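Comments concern the structure below.
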Amino acid sequence: MGLASRAAAALVVGVYGCLMAASAVRAAGGDAVRGARVFQRCFSCHSVAPNETAQLQGPRLYGIVGRRAGSVAGFEYSEAMKAKAAAGLVWTPEALDRFIADPDAFVPGTPMVVLPPLRDQQERADLIAYLSGQR
Amino acid sequence: MHRLLIALTLLAPLGLAPAAAFGQESKYYELAKGDYPHDVAAAPTGEVWFAGQKKGIGGRLDPRTGEIERIPLGKDSAPHGVIIGPDGAPWFTDGGQNAIVRVDPATRSVKVWPLPPERMPYTNLNTAAFDGKGRIWFTGQNGVYGRLDPATADMTVWDAPKGRGPYGITGTPKGDIWYVSLAGSYLANVDLETGETTVHEPPTKGQGARRVWSDSKGRLWISEWNSGQVSMYDPAARAWKEWKLPGEKPRTYAVWVDPDDKVWLSDWGANAVVRFDPETERFDTFPSDRPNSNVRQMLGRKGEAWIAESGTERVRVIRSPVKTN
């Protein structure tokens, strides 16, 4: 592939990525900037860095939106999450919203707790908008 | 043997079945759905407090009657930890309010000391401990630790080495303060005046230190989540020792050292509380009577180990015969 072709391909991928991210943000009605602040609640256990090396209690959230559940290589998922993954769970914005709102109701037995609970729908939308951009 | 089995059968419905054949007696207190006791602390006057993280309450249990009182701690409250201060009051590390909270045990009045928000609006406050000068030290899992002097309301917050991870914290009999980092997998000693930390790396890399507790000699006992071990650091000897918990895949979460220097731990892998005797290096196991008890913290007094079962929303006590000299 020539330089121009590679640049064109990169542009397509980049534009596609931006559109996907923007679409997810619009779909959720959230604000990614506010969502970055909400993410502080997740920060101690999760990272959005693509190559995180810290040994955290939760899986990496880089690229979480649209990803199959339980699919981060090398992460030791709970049996509860493995069962959901086997059932075909994909982290759509809607699935994430339900999970974050009440983790144990959506994935019974999950060790994840969101505390203080993210009861505010707008905060959840903001968080999902932020996560949608982490790709 | 038959008589023992009959006794066990008769006692079980009362919640008084012996935890194991070691002279201990286990009792469970059912809480309301959503009480979610994250941490528990037994006051010297008899009552037992728990941090009701999901409801934002300080829970007060009277073990004699089983009566439970719920004190709201404030808007958006979500307390993670509770300890009993030298004043006999419960002190909460409240992640939801990003504040240190005290409940007056007599009047039930609530006092809140918020952390400075400009530094970090949400620090994920974890646990607290008092030093020998009446000041309360705390950890924030997002990467901070701090100190509050309740007498003057002076509060200082420092960035932790290696960033995110500060978790359990303890005071020694001398009044020194030590904390551990879960993500950082280290033990740290804090200078009480300057706040500077000295990091002590454990022998097992990436052990995932959850909590820490001091014994009567000032030795630090650490529950290691990732490795499934309990480790001990002796500051006087500058030496570490470590032991793997029994079972196929232990996950050590809580640690508390009782007044007799026996080390109590929770093991999520075995769904049990474990007592370790440093002299004999023997583990005794006290399984929960329900699955997924998820014990995140324990704290007690002589002859009583109090246990917060966050997974079953119960408070458990294991009573041991008290030796008299």
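We name chains A, B, ... following the order of the structure tokens; residues begin at 1 in each chain, and ligands are numbered from 1 as shown.
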
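Set the cut-off at 10 Å, count only C-alpha atoms, and the residues of chain A near chain B turn out to be Arg37, Val38, Phe39, Gln40, Arg41, Cys42, Phe43, Ser44, Cys45, Ala54, Gln55, Leu56, Gln57, Gly109, Pro111, Val113, Val114, Leu115, Pro116 and Pro117 of chain A.
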
Write out as number ranges by chain each polymer residue whose atoms come within 10 Å of Ala83 in chain A, counting only C-alpha atoms; drop sequence neighbours fewer than 4 positions from it. A: 69-70, 77-79, 87-89, 107-108

Just want the 10 Å neighbourhood of Val90 in chain A, counted on only C-alpha atoms, with same-chain residues fewer than 2 positions away dropped. Output as a ChimeraX atom specification. /A:64-71,84-85,87-88,92-96

Just the selected residues (N, CA and C atoms), exported as an mmCIF file, in the first residue's frame, please.
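Final output, result01.cif:
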```cif
data_model
loop_
_atom_site.group_PDB
_atom_site.id
_atom_site.type_symbol
_atom_site.label_atom_id
_atom_site.label_comp_id
_atom_site.auth_asym_id
_atom_site.auth_seq_id
_atom_site.Cartn_x
_atom_site.Cartn_y
_atom_site.Cartn_z
ATOM 1 N N ILE A 64 -14.110 -0.051 25.790
ATOM 2 C CA ILE A 64 -15.156 -0.864 26.419
ATOM 3 C C ILE A 64 -16.466 -0.830 25.620
ATOM 4 N N VAL A 65 -16.817 0.338 25.070
ATOM 5 C CA VAL A 65 -18.124 0.444 24.402
ATOM 6 C C VAL A 65 -18.095 -0.338 23.084
ATOM 7 N N GLY A 66 -18.982 -1.289 22.992
ATOM 8 C CA GLY A 66 -19.051 -2.150 21.814
ATOM 9 C C GLY A 66 -18.260 -3.441 21.955
ATOM 10 N N ARG A 67 -17.588 -3.593 23.077
ATOM 11 C CA ARG A 67 -16.741 -4.770 23.275
ATOM 12 C C ARG A 67 -17.550 -5.925 23.875
ATOM 13 N N ARG A 68 -17.148 -7.134 23.543
ATOM 14 C CA ARG A 68 -17.763 -8.302 24.178
ATOM 15 C C ARG A 68 -17.387 -8.321 25.655
ATOM 16 N N ALA A 69 -18.319 -8.699 26.495
ATOM 17 C CA ALA A 69 -18.042 -8.785 27.934
ATOM 18 C C ALA A 69 -17.001 -9.868 28.191
ATOM 19 N N GLY A 70 -16.206 -9.652 29.204
ATOM 20 C CA GLY A 70 -15.231 -10.665 29.634
ATOM 21 C C GLY A 70 -14.153 -10.966 28.616
ATOM 22 N N SER A 71 -13.752 -9.963 27.838
ATOM 23 C CA SER A 71 -12.858 -10.269 26.719
ATOM 24 C C SER A 71 -11.485 -9.603 26.801
ATOM 25 N N LYS A 84 -22.117 -14.284 31.998
ATOM 26 C CA LYS A 84 -22.760 -13.269 31.145
ATOM 27 C C LYS A 84 -22.087 -13.215 29.764
ATOM 28 N N ALA A 85 -20.768 -13.328 29.805
ATOM 29 C CA ALA A 85 -20.020 -13.299 28.545
ATOM 30 C C ALA A 85 -20.404 -14.497 27.679
ATOM 31 N N ALA A 87 -23.125 -15.933 27.638
ATOM 32 C CA ALA A 87 -24.494 -15.718 27.132
ATOM 33 C C ALA A 87 -24.529 -14.667 26.031
ATOM 34 N N GLY A 88 -23.364 -14.072 25.719
ATOM 35 C CA GLY A 88 -23.292 -13.164 24.568
ATOM 36 C C GLY A 88 -23.390 -11.691 24.888
ATOM 37 N N THR A 92 -22.891 -2.558 25.009
ATOM 38 C CA THR A 92 -23.521 -1.431 24.333
ATOM 39 C C THR A 92 -23.741 -0.329 25.366
ATOM 40 N N PRO A 93 -23.982 0.910 24.938
ATOM 41 C CA PRO A 93 -24.279 1.958 25.927
ATOM 42 C C PRO A 93 -25.455 1.582 26.829
ATOM 43 N N GLU A 94 -26.445 0.919 26.254
ATOM 44 C CA GLU A 94 -27.612 0.541 27.053
ATOM 45 C C GLU A 94 -27.233 -0.494 28.119
ATOM 46 N N ALA A 95 -26.425 -1.474 27.723
ATOM 47 C CA ALA A 95 -26.014 -2.508 28.687
ATOM 48 C C ALA A 95 -25.145 -1.901 29.780
ATOM 49 N N LEU A 96 -24.248 -1.008 29.390
ATOM 50 C CA LEU A 96 -23.406 -0.351 30.390
ATOM 51 C C LEU A 96 -24.247 0.448 31.376
#
```

What is the CA of Pro37 in chain B-CA of Asp267 in chain B distance in Å, reported with one decimal? 17.1 Å

Please return as a VMD selection string: the residues of range 92-135 of chain B that backbone DSSP assigns to strand (DSSP E or B). chain B and resid 92 to 94 99 to 103 110 to 114 125 to 130

Write the residues of the selection above to a file with N, CA and C atoms, as a PDB file, in the first residue's frame.
```
ATOM      1  N   PHE B  92     -16.286   7.737  60.445  1.00  0.00           N
ATOM      2  CA  PHE B  92     -16.520   7.119  59.150  1.00  0.00           C
ATOM      3  C   PHE B  92     -15.656   7.782  58.073  1.00  0.00           C
ATOM      4  N   THR B  93     -15.164   6.968  57.162  1.00  0.00           N
ATOM      5  CA  THR B  93     -14.569   7.490  55.936  1.00  0.00           C
ATOM      6  C   THR B  93     -15.658   7.390  54.870  1.00  0.00           C
ATOM      7  N   ASP B  94     -16.172   8.548  54.479  1.00  0.00           N
ATOM      8  CA  ASP B  94     -17.386   8.606  53.668  1.00  0.00           C
ATOM      9  C   ASP B  94     -17.042   8.996  52.228  1.00  0.00           C
ATOM     10  N   ALA B  99     -15.629  12.897  52.704  1.00  0.00           N
ATOM     11  CA  ALA B  99     -15.473  13.570  53.994  1.00  0.00           C
ATOM     12  C   ALA B  99     -15.227  12.561  55.109  1.00  0.00           C
ATOM     13  N   ILE B 100     -14.650  13.075  56.187  1.00  0.00           N
ATOM     14  CA  ILE B 100     -14.553  12.327  57.439  1.00  0.00           C
ATOM     15  C   ILE B 100     -15.780  12.701  58.276  1.00  0.00           C
ATOM     16  N   VAL B 101     -16.427  11.697  58.826  1.00  0.00           N
ATOM     17  CA  VAL B 101     -17.694  11.933  59.517  1.00  0.00           C
ATOM     18  C   VAL B 101     -17.647  11.291  60.907  1.00  0.00           C
ATOM     19  N   ARG B 102     -18.112  12.042  61.901  1.00  0.00           N
ATOM     20  CA  ARG B 102     -18.198  11.516  63.272  1.00  0.00           C
ATOM     21  C   ARG B 102     -19.648  11.538  63.733  1.00  0.00           C
ATOM     22  N   VAL B 103     -20.057  10.466  64.391  1.00  0.00           N
ATOM     23  CA  VAL B 103     -21.377  10.435  65.016  1.00  0.00           C
ATOM     24  C   VAL B 103     -21.177  10.447  66.523  1.00  0.00           C
ATOM     25  N   VAL B 110     -24.301  14.462  63.974  1.00  0.00           N
ATOM     26  CA  VAL B 110     -23.334  14.104  62.932  1.00  0.00           C
ATOM     27  C   VAL B 110     -22.481  15.316  62.606  1.00  0.00           C
ATOM     28  N   LYS B 111     -21.163  15.129  62.596  1.00  0.00           N
ATOM     29  CA  LYS B 111     -20.263  16.214  62.194  1.00  0.00           C
ATOM     30  C   LYS B 111     -19.460  15.764  60.984  1.00  0.00           C
ATOM     31  N   VAL B 112     -19.381  16.646  60.001  1.00  0.00           N
ATOM     32  CA  VAL B 112     -18.756  16.293  58.714  1.00  0.00           C
ATOM     33  C   VAL B 112     -17.567  17.214  58.453  1.00  0.00           C
ATOM     34  N   TRP B 113     -16.419  16.615  58.106  1.00  0.00           N
ATOM     35  CA  TRP B 113     -15.230  17.381  57.693  1.00  0.00           C
ATOM     36  C   TRP B 113     -14.937  17.022  56.226  1.00  0.00           C
ATOM     37  N   PRO B 114     -15.392  17.844  55.280  1.00  0.00           N
ATOM     38  CA  PRO B 114     -15.128  17.520  53.857  1.00  0.00           C
ATOM     39  C   PRO B 114     -13.658  17.671  53.512  1.00  0.00           C
ATOM     40  N   LEU B 125     -12.539   7.647  49.413  1.00  0.00           N
ATOM     41  CA  LEU B 125     -12.066   7.458  50.785  1.00  0.00           C
ATOM     42  C   LEU B 125     -12.243   6.019  51.228  1.00  0.00           C
ATOM     43  N   ASN B 126     -11.229   5.510  51.917  1.00  0.00           N
ATOM     44  CA  ASN B 126     -11.244   4.091  52.242  1.00  0.00           C
ATOM     45  C   ASN B 126     -11.341   3.855  53.745  1.00  0.00           C
ATOM     46  N   THR B 127     -10.257   4.061  54.463  1.00  0.00           N
ATOM     47  CA  THR B 127     -10.202   3.652  55.865  1.00  0.00           C
ATOM     48  C   THR B 127      -9.477   4.722  56.673  1.00  0.00           C
ATOM     49  N   ALA B 128      -9.636   4.675  57.996  1.00  0.00           N
ATOM     50  CA  ALA B 128      -9.010   5.677  58.853  1.00  0.00           C
ATOM     51  C   ALA B 128      -8.401   5.029  60.090  1.00  0.00           C
ATOM     52  N   ALA B 129      -7.476   5.774  60.707  1.00  0.00           N
ATOM     53  CA  ALA B 129      -6.851   5.315  61.957  1.00  0.00           C
ATOM     54  C   ALA B 129      -6.366   6.544  62.716  1.00  0.00           C
ATOM     55  N   PHE B 130      -6.377   6.458  64.030  1.00  0.00           N
ATOM     56  CA  PHE B 130      -5.907   7.564  64.862  1.00  0.00           C
ATOM     57  C   PHE B 130      -4.439   7.376  65.222  1.00  0.00           C
TER      58      PHE B 130
END
```

If you run DSSP on the backbone, which residues of range 14-97 of chain A are alpha helix (DSSP H), as a compact mmCIF listing (two decimals) with N, CA and C atoms, in the first residue's frame?
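part.txt was written with the following content:
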```
# COMPACT_ATOMS: atom_id res chain seq x y z
N GLY A 14 -9.99 6.87 11.10
CA GLY A 14 -10.11 7.95 12.08
C GLY A 14 -11.49 8.57 12.07
N VAL A 15 -11.98 8.86 10.86
CA VAL A 15 -13.31 9.46 10.75
C VAL A 15 -14.37 8.50 11.28
N TYR A 16 -14.21 7.22 10.92
CA TYR A 16 -15.16 6.21 11.39
C TYR A 16 -15.18 6.16 12.92
N GLY A 17 -13.96 6.18 13.49
CA GLY A 17 -13.85 6.14 14.94
C GLY A 17 -14.52 7.33 15.58
N CYS A 18 -14.28 8.50 15.00
CA CYS A 18 -14.88 9.71 15.55
C CYS A 18 -16.40 9.66 15.45
N LEU A 19 -16.88 9.17 14.29
CA LEU A 19 -18.32 9.07 14.10
C LEU A 19 -18.94 8.10 15.10
N MET A 20 -18.24 6.96 15.29
CA MET A 20 -18.74 5.97 16.24
C MET A 20 -18.82 6.58 17.64
N ALA A 21 -17.74 7.27 18.01
CA ALA A 21 -17.70 7.87 19.34
C ALA A 21 -18.78 8.92 19.48
N ALA A 22 -18.89 9.79 18.47
CA ALA A 22 -19.89 10.85 18.52
C ALA A 22 -21.29 10.27 18.57
N SER A 23 -21.48 9.20 17.80
CA SER A 23 -22.78 8.55 17.77
C SER A 23 -23.16 8.02 19.14
N ALA A 24 -22.17 7.38 19.78
CA ALA A 24 -22.44 6.81 21.11
C ALA A 24 -22.77 7.92 22.10
N VAL A 25 -22.00 9.02 21.99
CA VAL A 25 -22.24 10.15 22.90
C VAL A 25 -23.65 10.68 22.70
N ARG A 26 -24.03 10.90 21.40
CA ARG A 26 -25.36 11.43 21.13
C ARG A 26 -26.43 10.47 21.62
N ALA A 27 -26.18 9.17 21.35
CA ALA A 27 -27.18 8.18 21.72
C ALA A 27 -27.41 8.19 23.22
N ALA A 28 -26.35 8.38 23.96
CA ALA A 28 -26.49 8.36 25.42
C ALA A 28 -26.96 9.70 25.96
N ALA A 32 -19.11 14.12 27.58
CA ALA A 32 -17.87 13.40 27.89
C ALA A 32 -16.98 14.17 28.86
N VAL A 33 -17.04 15.48 28.81
CA VAL A 33 -16.20 16.27 29.72
C VAL A 33 -16.66 16.07 31.16
N ARG A 34 -17.98 16.15 31.34
CA ARG A 34 -18.51 15.87 32.69
C ARG A 34 -18.23 14.42 33.06
N GLY A 35 -18.30 13.55 32.06
CA GLY A 35 -18.08 12.13 32.31
C GLY A 35 -16.69 11.82 32.82
N ALA A 36 -15.73 12.65 32.41
CA ALA A 36 -14.36 12.44 32.90
C ALA A 36 -14.30 12.63 34.41
N ARG A 37 -15.11 13.55 34.92
CA ARG A 37 -15.17 13.74 36.38
C ARG A 37 -15.87 12.57 37.05
N VAL A 38 -16.95 12.10 36.42
CA VAL A 38 -17.67 10.95 36.99
C VAL A 38 -16.75 9.73 37.04
N GLU A 79 -16.77 -15.48 38.01
CA GLU A 79 -17.63 -16.49 37.40
C GLU A 79 -18.92 -15.85 36.89
N ALA A 80 -19.41 -14.86 37.63
CA ALA A 80 -20.64 -14.18 37.24
C ALA A 80 -20.47 -13.51 35.87
N MET A 81 -19.33 -12.83 35.69
CA MET A 81 -19.11 -12.14 34.42
C MET A 81 -18.83 -13.13 33.29
N LYS A 82 -18.15 -14.22 33.63
CA LYS A 82 -17.90 -15.24 32.61
C LYS A 82 -19.22 -15.82 32.08
N ALA A 83 -20.18 -16.00 32.99
CA ALA A 83 -21.47 -16.55 32.58
C ALA A 83 -22.19 -15.57 31.65
N LYS A 84 -22.12 -14.28 32.00
CA LYS A 84 -22.76 -13.27 31.14
C LYS A 84 -22.09 -13.22 29.76
N ALA A 85 -20.77 -13.33 29.80
CA ALA A 85 -20.02 -13.30 28.55
C ALA A 85 -20.40 -14.50 27.68
N ALA A 86 -20.53 -15.65 28.31
CA ALA A 86 -20.89 -16.86 27.57
C ALA A 86 -22.29 -16.72 26.97
N PRO A 93 -23.98 0.91 24.94
CA PRO A 93 -24.28 1.96 25.93
C PRO A 93 -25.45 1.58 26.83
N GLU A 94 -26.44 0.92 26.25
CA GLU A 94 -27.61 0.54 27.05
C GLU A 94 -27.23 -0.49 28.12
N ALA A 95 -26.43 -1.47 27.72
CA ALA A 95 -26.01 -2.51 28.69
C ALA A 95 -25.15 -1.90 29.78
N LEU A 96 -24.25 -1.01 29.39
CA LEU A 96 -23.41 -0.35 30.39
C LEU A 96 -24.25 0.45 31.38
N ASP A 97 -25.25 1.14 30.84
CA ASP A 97 -26.11 1.95 31.70
C ASP A 97 -26.80 1.08 32.75
```

For Asp159 in chain B, please output as a PyMOL selection string all residues within 9 Å (counting only C-alpha atoms; exclusion window: fewer than 6 positions along the same chain). chain B and resi 143-146

Quick one: residues within 10 Å of Glu52 in chain A, only C-alpha atoms counted, chain neighbours fewer than 5 positions away excluded, as number ranges by chain? A: 46-47, 59-62

Would you mind exporting C-alpha atoms of the selected residues as a compact mmCIF listing (two decimals), in the first residue's frame?
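Saved file out00.txt follows:
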```txt
# COMPACT_ATOMS: atom_id res chain seq x y z
CA HIS A 46 -10.20 0.77 36.24
CA SER A 47 -7.93 2.43 33.73
CA PRO A 59 -10.48 -4.72 33.69
CA ARG A 60 -9.13 -2.03 31.37
CA LEU A 61 -11.93 0.16 30.01
CA TYR A 62 -10.12 1.35 26.91
```

Residues within 10 Å of Asp39 in chain B, please, as a CSV table (one decimal) with C-alpha atoms, in the first residue's frame. Count only C-alpha atoms; anything in the same chain fewer than 5 positions from it doesn't count.
```csv
chain,number,residue,atom,x,y,z
B,49,TRP,CA,-21.3,0.2,64.5
B,50,PHE,CA,-21.4,-0.5,60.8
B,51,ALA,CA,-20.8,1.6,57.7
B,52,GLY,CA,-24.1,1.2,55.7
B,53,GLN,CA,-22.5,2.1,52.4
B,79,PRO,CA,-19.4,5.4,54.1
B,80,HIS,CA,-16.7,2.8,53.3
B,81,GLY,CA,-15.0,2.5,56.7
B,82,VAL,CA,-15.8,2.9,60.4
B,83,ILE,CA,-13.5,2.8,63.4
B,92,PHE,CA,-16.5,7.1,59.1
B,127,THR,CA,-10.2,3.7,55.9
B,254,ALA,CA,-9.8,-8.3,55.8
B,295,VAL,CA,-16.3,-10.1,54.3
B,296,ARG,CA,-14.5,-6.8,53.6
B,297,GLN,CA,-13.5,-5.9,57.1
B,298,MET,CA,-13.4,-7.1,60.7
B,299,LEU,CA,-12.8,-5.4,64.0
B,306,TRP,CA,-17.0,-8.7,64.7
B,307,ILE,CA,-17.4,-9.3,61.0
B,308,ALA,CA,-19.2,-7.4,58.3
B,309,GLU,CA,-20.8,-9.7,55.8
B,310,SER,CA,-21.4,-7.3,52.9
B,315,VAL,CA,-23.1,-8.7,61.0
```

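In this model, the gap between CA of Asp120 in chain A and CA of Gly30 in chain A comes to 11.8 Å.
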
Restricting to only C-alpha atoms, whichever of A:Pro50, A:Gly133, A:Asp104, A:Gly58 is closest to Glu76 in chain A is A:Gly58

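Across the model, the gap from CA of Asp104 in chain B to CA of Gly195 in chain B is 28.2 Å.
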
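Nearest to Phe75 in chain A of all the residues A:Arg135, A:Arg98, A:Thr53, A:Asp31 is A:Thr53, counting only C-alpha atoms.
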
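Within 7 Å of Trp243 in chain B, once only C-alpha atoms are used and residues closer than 6 positions along the same chain are dropped, the contacting residues are Gln229, Val230 and Ser231 of chain B.
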
Saved selection, atoms kept: C-alpha atoms, as a compact mmCIF listing (two decimals), in the first residue's frame:
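Output (part27.txt):
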```
# COMPACT_ATOMS: atom_id res chain seq x y z
CA GLN B 229 -1.26 -14.65 51.73
CA VAL B 230 -1.00 -12.98 55.10
CA SER B 231 2.31 -11.25 55.60
```
